[in-house]
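> Please find one structure pasted underneath; my questions will follow.
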Amino acid sequence: MPPAAPGPTLQPRLRFPFAGREAFGPGKAQLLCHIAATGSIRAAATELGMSYQRAWQLVQGMNRLFREPLVSKSRGGGTRGGAQLTPTGEEVLTRYTRMEAACGRATRTDWQALLRLLAGARRP
């Protein structure tokens, strides 16, 4: 007998668009998290399955979106370069992650009630 398919999951998406500018949301937060973990925009892009060029464009957009840059980059050469979150980048990622978790907690009760109404969903 094949294993049961996983039931539906709630995936709240916290995004904040800024008039006329790019939005900040889960994808950019994930990119920041991978940059922090790897110390490299290229390595973060590879882990996320995107091109370095796309990751660099997203970093540039994030750096323009906030009053201070979120990511600082050092060029390659003898030290092989790298990237790291600035103190502002660390704060943005921490606060965004905390807000995402709060959204999940805030919707848990209603989500469990909705699960009971969904056809074919396993009950919590």
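Lettering and numbering for the structure tokens are positional, with chains as A, B, ... in the shown order, residues counted from 1 in each chain, and ligands counted from 1 in the shown order.
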With only C-alpha atoms as the counted atoms, please give the residues lying no more than 9 Å from Lys73 in chain A, apart from itself and same-chain residues fewer than 2 positions off, as a PyMOL selection string.
chain A and resi 40-41+71+75+81-85
> Would you list, as a PyMOL selection string, the residues of chain A that end up in alpha helix (DSSP H) under DSSP run on this structure's backbone?
chain A and resi 26-38+41-48+52-65+87-117
> Find the residue from A:Phe66, A:Pro26, A:Val59, A:Trp111 that sits nearest to Arg42 in chain A; use only C-alpha atoms when measuring.
A:Val59
> List the spatial neighbours of Leu118 in chain A as a JSON list (two decimals) with N, CA and C atoms, in the first residue's frame - criterion: any atom at most 12 Å away, only C-alpha atoms, same-chain residues fewer than 6 positions off excluded.

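Wrote result.json, looks like this:
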[["chain", "number", "residue", "atom", "x", "y", "z"],
["A", 7, "GLY", "N", -1.33, 15.71, 3.90],
["A", 7, "GLY", "CA", -2.50, 16.58, 3.86],
["A", 7, "GLY", "C", -2.11, 18.01, 3.53],
["A", 8, "PRO", "N", -3.10, 18.85, 3.38],
["A", 8, "PRO", "CA", -2.82, 20.25, 3.08],
["A", 8, "PRO", "C", -2.09, 20.92, 4.24],
["A", 9, "THR", "N", -1.28, 21.88, 3.91],
["A", 9, "THR", "CA", -0.57, 22.64, 4.93],
["A", 9, "THR", "C", -0.84, 24.12, 4.71],
["A", 111, "TRP", "N", -6.93, 27.68, 11.12],
["A", 111, "TRP", "CA", -6.48, 26.67, 10.17],
["A", 111, "TRP", "C", -6.97, 25.29, 10.59],
["A", 112, "GLN", "N", -6.89, 24.98, 11.87],
["A", 112, "GLN", "CA", -7.36, 23.67, 12.34],
["A", 112, "GLN", "C", -8.86, 23.52, 12.10],
["A", 124, "PRO", "N", -6.84, 17.21, 12.50],
["A", 124, "PRO", "CA", -5.76, 17.48, 13.48],
["A", 124, "PRO", "C", -6.02, 16.81, 14.80]]
> Looking only at strand (DSSP E) from DSSP on the backbone, list the matching residues of chain A as a list in words.
Phe16, Pro17, Phe18, Arg21, Glu22, Ala23, Phe24, Val71, Ser72, Lys73, Ser74, Gly82, Ala83, Gln84 and Leu85 of chain A
> Residues at most 10 Å from Glu47 in chain A, counting only C-alpha atoms, excluding those fewer than 4 positions away in the same chain, as number ranges by chain?
A: 31, 34-35, 38, 41-43
> List the spatial neighbours of Arg108 in chain A as JSON, numbers by chain - criterion: any atom at most 12 Å away, only C-alpha atoms, same-chain residues fewer than 6 positions off excluded.
{"A": [9, 10, 11, 12, 101, 102, 114, 115, 124]}
> Closest to Gln57 in chain A among A:Ala106, A:Ala119, A:Val92, A:Ala45, using only C-alpha atoms?
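Of A:Ala106, A:Ala119, A:Val92, A:Ala45, the one nearest Gln57 in chain A, counting only C-alpha atoms, is A:Ala45.
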> I need the residue nearest Leu58 in chain A from this list: A:Thr88, A:Glu22, A:Leu93, A:Ala113. Use only C-alpha atoms for the distance.
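Ranked by minimum distance to Leu58 in chain A, first place goes to A:Glu22.
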> So how far away is CA of Lys28 in chain A from CA of Gln60 in chain A, in Å?
11.1 Å
> For a quick check of understanding, using only C-alpha atoms, which of A:Met99, A:Leu117, A:Leu70, A:Met50 has the smallest distance to Leu32 in chain A?
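So, comparing all the options, the nearest one is A:Leu70.
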